[in-house]
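Below is protein-v3.txt, holding compact mmCIF, N, CA and C atoms.
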```
# COMPACT_ATOMS: atom_id res chain seq x y z
N MET A 24 -79.32 -15.85 43.13
CA MET A 24 -78.23 -15.38 43.97
C MET A 24 -77.93 -13.94 43.60
N LEU A 25 -77.71 -13.13 44.60
CA LEU A 25 -77.36 -11.72 44.39
C LEU A 25 -75.87 -11.59 44.18
N GLY A 26 -75.48 -10.85 43.15
CA GLY A 26 -74.09 -10.52 42.90
C GLY A 26 -73.88 -9.04 43.09
N VAL A 27 -72.73 -8.67 43.63
CA VAL A 27 -72.39 -7.27 43.85
C VAL A 27 -71.04 -7.00 43.21
N ILE A 28 -70.98 -5.95 42.40
CA ILE A 28 -69.70 -5.48 41.85
C ILE A 28 -69.36 -4.21 42.61
N GLY A 29 -68.22 -4.24 43.29
CA GLY A 29 -67.82 -3.10 44.11
C GLY A 29 -66.96 -2.12 43.33
N GLY A 30 -67.21 -0.84 43.51
CA GLY A 30 -66.44 0.20 42.84
C GLY A 30 -65.19 0.57 43.62
N SER A 31 -64.64 1.71 43.31
CA SER A 31 -63.42 2.18 43.94
C SER A 31 -63.55 2.19 45.46
N GLY A 32 -62.59 1.58 46.14
CA GLY A 32 -62.57 1.55 47.59
C GLY A 32 -63.41 0.46 48.20
N VAL A 33 -64.15 -0.29 47.40
CA VAL A 33 -64.97 -1.40 47.91
C VAL A 33 -64.36 -2.68 47.36
N TYR A 34 -63.56 -3.35 48.18
CA TYR A 34 -62.81 -4.51 47.71
C TYR A 34 -63.24 -5.82 48.34
N GLN A 35 -64.20 -5.77 49.27
CA GLN A 35 -64.76 -6.99 49.85
C GLN A 35 -66.05 -6.62 50.57
N LEU A 36 -66.85 -7.62 50.88
CA LEU A 36 -68.08 -7.40 51.63
C LEU A 36 -67.87 -7.90 53.05
N GLU A 37 -68.01 -7.02 54.00
CA GLU A 37 -67.87 -7.40 55.40
C GLU A 37 -69.11 -8.17 55.84
N GLY A 38 -68.93 -9.08 56.76
CA GLY A 38 -70.06 -9.79 57.35
C GLY A 38 -70.52 -11.02 56.62
N LEU A 39 -69.83 -11.42 55.55
CA LEU A 39 -70.23 -12.64 54.84
C LEU A 39 -69.82 -13.87 55.65
N ALA A 40 -70.76 -14.77 55.85
CA ALA A 40 -70.47 -16.03 56.53
C ALA A 40 -69.96 -17.02 55.48
N ASN A 41 -69.10 -17.93 55.91
CA ASN A 41 -68.54 -18.96 55.02
C ASN A 41 -67.90 -18.36 53.78
N ALA A 42 -67.26 -17.21 53.94
CA ALA A 42 -66.69 -16.49 52.80
C ALA A 42 -65.41 -17.16 52.30
N HIS A 43 -65.31 -17.23 50.98
CA HIS A 43 -64.09 -17.73 50.34
C HIS A 43 -63.99 -17.15 48.93
N TRP A 44 -62.75 -16.92 48.51
CA TRP A 44 -62.48 -16.38 47.18
C TRP A 44 -62.36 -17.55 46.21
N GLU A 45 -62.96 -17.39 45.03
CA GLU A 45 -62.93 -18.43 44.02
C GLU A 45 -62.55 -17.84 42.66
N ARG A 46 -61.57 -18.45 42.02
CA ARG A 46 -61.16 -18.01 40.68
C ARG A 46 -62.12 -18.63 39.67
N VAL A 47 -62.66 -17.79 38.77
CA VAL A 47 -63.63 -18.25 37.78
C VAL A 47 -63.13 -17.86 36.39
N ALA A 48 -63.08 -18.84 35.49
CA ALA A 48 -62.65 -18.59 34.11
C ALA A 48 -63.85 -18.13 33.28
N SER A 49 -63.55 -17.31 32.28
CA SER A 49 -64.58 -16.82 31.37
C SER A 49 -64.05 -16.87 29.93
N PRO A 50 -64.89 -17.22 28.97
CA PRO A 50 -64.44 -17.19 27.58
C PRO A 50 -64.19 -15.77 27.07
N PHE A 51 -64.60 -14.77 27.84
CA PHE A 51 -64.40 -13.37 27.46
C PHE A 51 -63.08 -12.81 27.96
N GLY A 52 -62.29 -13.63 28.66
CA GLY A 52 -61.02 -13.18 29.19
C GLY A 52 -61.00 -13.29 30.70
N VAL A 53 -60.07 -12.57 31.29
CA VAL A 53 -59.86 -12.65 32.73
C VAL A 53 -60.72 -11.60 33.45
N PRO A 54 -61.52 -12.03 34.45
CA PRO A 54 -62.27 -11.06 35.25
C PRO A 54 -61.32 -10.18 36.07
N SER A 55 -61.84 -9.12 36.63
CA SER A 55 -61.03 -8.19 37.42
C SER A 55 -60.34 -8.84 38.60
N ASP A 56 -60.94 -9.86 39.18
CA ASP A 56 -60.39 -10.52 40.36
C ASP A 56 -61.13 -11.83 40.58
N ASP A 57 -60.72 -12.57 41.60
CA ASP A 57 -61.49 -13.73 42.03
C ASP A 57 -62.82 -13.23 42.57
N ILE A 58 -63.77 -14.15 42.73
CA ILE A 58 -65.09 -13.80 43.25
C ILE A 58 -65.19 -14.25 44.70
N LEU A 59 -65.67 -13.36 45.55
CA LEU A 59 -65.87 -13.67 46.96
C LEU A 59 -67.29 -14.23 47.10
N LEU A 60 -67.37 -15.49 47.53
CA LEU A 60 -68.66 -16.14 47.72
C LEU A 60 -68.92 -16.33 49.21
N GLY A 61 -70.17 -16.21 49.61
CA GLY A 61 -70.54 -16.40 51.00
C GLY A 61 -72.02 -16.22 51.19
N GLU A 62 -72.43 -16.04 52.42
CA GLU A 62 -73.84 -15.84 52.75
C GLU A 62 -73.99 -14.62 53.65
N LEU A 63 -75.05 -13.90 53.42
CA LEU A 63 -75.38 -12.74 54.25
C LEU A 63 -76.83 -12.91 54.70
N GLY A 64 -77.03 -13.10 55.99
CA GLY A 64 -78.38 -13.34 56.50
C GLY A 64 -78.99 -14.60 55.93
N GLY A 65 -78.16 -15.60 55.65
CA GLY A 65 -78.65 -16.86 55.10
C GLY A 65 -78.82 -16.87 53.59
N GLN A 66 -78.63 -15.71 52.96
CA GLN A 66 -78.77 -15.62 51.50
C GLN A 66 -77.41 -15.76 50.83
N PRO A 67 -77.29 -16.62 49.83
CA PRO A 67 -76.01 -16.72 49.11
C PRO A 67 -75.73 -15.43 48.34
N MET A 68 -74.46 -15.03 48.34
CA MET A 68 -74.05 -13.81 47.65
C MET A 68 -72.71 -14.02 46.98
N ALA A 69 -72.47 -13.22 45.96
CA ALA A 69 -71.18 -13.21 45.28
C ALA A 69 -70.73 -11.75 45.16
N PHE A 70 -69.44 -11.52 45.31
CA PHE A 70 -68.90 -10.16 45.24
C PHE A 70 -67.66 -10.15 44.36
N LEU A 71 -67.57 -9.15 43.49
CA LEU A 71 -66.41 -8.97 42.62
C LEU A 71 -65.94 -7.52 42.69
N PRO A 72 -64.69 -7.28 43.09
CA PRO A 72 -64.18 -5.90 43.07
C PRO A 72 -63.87 -5.47 41.63
N ARG A 73 -64.57 -4.47 41.14
CA ARG A 73 -64.47 -4.02 39.75
C ARG A 73 -63.04 -3.71 39.32
N HIS A 74 -62.27 -3.07 40.18
CA HIS A 74 -60.91 -2.68 39.83
C HIS A 74 -59.87 -3.66 40.36
N GLY A 75 -60.32 -4.78 40.92
CA GLY A 75 -59.41 -5.74 41.54
C GLY A 75 -59.04 -5.27 42.93
N ARG A 76 -58.72 -6.22 43.79
CA ARG A 76 -58.30 -5.84 45.15
C ARG A 76 -57.05 -4.97 45.05
N GLY A 77 -57.05 -3.85 45.75
CA GLY A 77 -55.94 -2.92 45.71
C GLY A 77 -56.03 -1.92 44.57
N HIS A 78 -57.14 -1.90 43.86
CA HIS A 78 -57.39 -0.97 42.74
C HIS A 78 -56.26 -1.02 41.71
N ARG A 79 -56.04 -2.21 41.14
CA ARG A 79 -54.94 -2.38 40.18
C ARG A 79 -55.35 -2.18 38.73
N ILE A 80 -56.65 -2.12 38.44
CA ILE A 80 -57.11 -2.00 37.05
C ILE A 80 -57.79 -0.65 36.86
N PRO A 81 -57.32 0.16 35.91
CA PRO A 81 -57.97 1.45 35.65
C PRO A 81 -59.32 1.22 34.94
N PRO A 82 -60.20 2.22 34.95
CA PRO A 82 -61.51 2.06 34.31
C PRO A 82 -61.42 1.58 32.85
N SER A 83 -60.46 2.05 32.13
CA SER A 83 -60.35 1.67 30.71
C SER A 83 -59.86 0.24 30.51
N GLY A 84 -59.36 -0.40 31.58
CA GLY A 84 -58.83 -1.75 31.47
C GLY A 84 -59.75 -2.83 32.01
N ILE A 85 -60.93 -2.45 32.46
CA ILE A 85 -61.85 -3.42 33.06
C ILE A 85 -62.52 -4.25 31.97
N ASN A 86 -62.49 -5.55 32.15
CA ASN A 86 -63.13 -6.46 31.21
C ASN A 86 -64.56 -6.74 31.73
N TYR A 87 -65.48 -5.84 31.38
CA TYR A 87 -66.83 -5.91 31.91
C TYR A 87 -67.55 -7.19 31.51
N ARG A 88 -67.35 -7.64 30.28
CA ARG A 88 -68.01 -8.88 29.83
C ARG A 88 -67.53 -10.08 30.63
N ALA A 89 -66.23 -10.16 30.88
CA ALA A 89 -65.70 -11.27 31.67
C ALA A 89 -66.22 -11.20 33.10
N ASN A 90 -66.34 -10.01 33.66
CA ASN A 90 -66.84 -9.86 35.03
C ASN A 90 -68.27 -10.37 35.15
N VAL A 91 -69.15 -9.94 34.25
CA VAL A 91 -70.55 -10.35 34.32
C VAL A 91 -70.68 -11.84 34.02
N ASP A 92 -69.93 -12.33 33.05
CA ASP A 92 -69.97 -13.75 32.72
C ASP A 92 -69.52 -14.62 33.90
N ALA A 93 -68.44 -14.22 34.55
CA ALA A 93 -67.92 -14.99 35.69
C ALA A 93 -68.94 -15.03 36.82
N LEU A 94 -69.60 -13.92 37.08
CA LEU A 94 -70.63 -13.89 38.12
C LEU A 94 -71.79 -14.81 37.75
N LYS A 95 -72.18 -14.81 36.50
CA LYS A 95 -73.26 -15.69 36.06
C LYS A 95 -72.85 -17.16 36.22
N ARG A 96 -71.60 -17.47 35.98
CA ARG A 96 -71.11 -18.86 36.08
C ARG A 96 -71.13 -19.40 37.51
N VAL A 97 -71.08 -18.51 38.51
CA VAL A 97 -71.17 -18.98 39.90
C VAL A 97 -72.61 -18.99 40.41
N GLY A 98 -73.56 -18.63 39.54
CA GLY A 98 -74.97 -18.71 39.91
C GLY A 98 -75.69 -17.41 40.16
N VAL A 99 -75.04 -16.28 39.89
CA VAL A 99 -75.69 -14.97 40.11
C VAL A 99 -76.84 -14.80 39.12
N THR A 100 -77.99 -14.40 39.65
CA THR A 100 -79.17 -14.13 38.83
C THR A 100 -79.55 -12.65 38.84
N ASP A 101 -79.14 -11.94 39.89
CA ASP A 101 -79.43 -10.51 40.03
C ASP A 101 -78.14 -9.81 40.41
N LEU A 102 -77.93 -8.63 39.81
CA LEU A 102 -76.64 -7.95 39.96
C LEU A 102 -76.83 -6.51 40.42
N LEU A 103 -76.05 -6.13 41.42
CA LEU A 103 -76.02 -4.76 41.93
C LEU A 103 -74.60 -4.24 41.75
N SER A 104 -74.46 -3.10 41.11
CA SER A 104 -73.13 -2.54 40.89
C SER A 104 -73.01 -1.22 41.65
N LEU A 105 -71.99 -1.15 42.52
CA LEU A 105 -71.75 0.05 43.33
C LEU A 105 -70.61 0.83 42.70
N SER A 106 -70.73 2.14 42.71
CA SER A 106 -69.64 2.95 42.16
C SER A 106 -69.42 4.19 43.01
N ALA A 107 -68.26 4.75 42.84
CA ALA A 107 -67.91 5.97 43.57
C ALA A 107 -67.91 7.15 42.60
N VAL A 108 -68.09 8.33 43.13
CA VAL A 108 -68.03 9.54 42.33
C VAL A 108 -66.74 10.26 42.67
N GLY A 109 -66.09 10.80 41.66
CA GLY A 109 -64.83 11.49 41.87
C GLY A 109 -64.97 12.71 42.76
N SER A 110 -63.88 13.37 42.97
CA SER A 110 -63.82 14.52 43.85
C SER A 110 -64.69 15.67 43.34
N LEU A 111 -65.23 16.40 44.28
CA LEU A 111 -66.00 17.59 43.93
C LEU A 111 -65.19 18.86 44.16
N ARG A 112 -63.90 18.70 44.44
CA ARG A 112 -63.04 19.87 44.65
C ARG A 112 -62.69 20.50 43.31
N GLU A 113 -62.75 21.80 43.22
CA GLU A 113 -62.50 22.51 41.97
C GLU A 113 -61.09 22.28 41.44
N GLU A 114 -60.08 22.23 42.31
CA GLU A 114 -58.72 22.04 41.84
C GLU A 114 -58.50 20.61 41.40
```
For the structure just supplied, provide its representation as structure tokens.
Amino acid sequence: MLGVIGGSGVYQLEGLANAHWERVASPFGVPSDDILLGELGGQPMAFLPRHGRGHRIPPSGINYRANVDALKRVGVTDLLSLSAVGSLREE
């Protein structure tokens, strides 16, 4: 199963069929958010917003081990992590 961790501004995956949010416990602590499970083109997928829905967790507060562990517990075997780059404005 493919897992996706979304960076800033990516809080869900559009187009997932049979989508539902599931809370997953981890011995490493609390993941950033519930995991969105569903199917895309018939393939099962899992999605976790890295900063939580609404960007409530700063980069220094993300429990990366809990996030990866929770995704593994729902069956993720391959992981894609998306991230954003900060502003390129000089000021």
>> Can you tell me which residues surround Gly61 of chain A at a distance of at most 5 Å, considering all atoms listed in the file, apart from same-chain residues fewer than 3 positions away, and format the answer as a PyMOL selection string?
In response: chain A and resi 40-42+67-68
> Suppose you want the space between atom N of Val91 of chain A and atom N of Leu71 of chain A; what is it in Å?
Replying inline: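 Taking atom N of Val91 of chain A and atom N of Leu71 of chain A, their separation equals 9.4 Å.
The two atoms in question, atom CA of Ser49 of chain A and atom CA of Lys95 of chain A, are spaced 9.9 Å apart.
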> Got a sec: who's within 8 Å of Leu94 of chain A, counting all atoms listed in the file, leaving out chain neighbours fewer than 2 positions off, as a list in words?
Replying inline: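 What passes the distance filter is Gly26, Val27, Val47, Ile58, Ala69, Phe70, Leu71, Arg88, Ala89, Asn90, Val91, Asp92, Arg96, Val97, Gly98, Val99 and Thr100 of chain A.
When atom C of Arg73 of chain A is paired with atom CA of Ser55 of chain A, their separation reads 5.3 Å.
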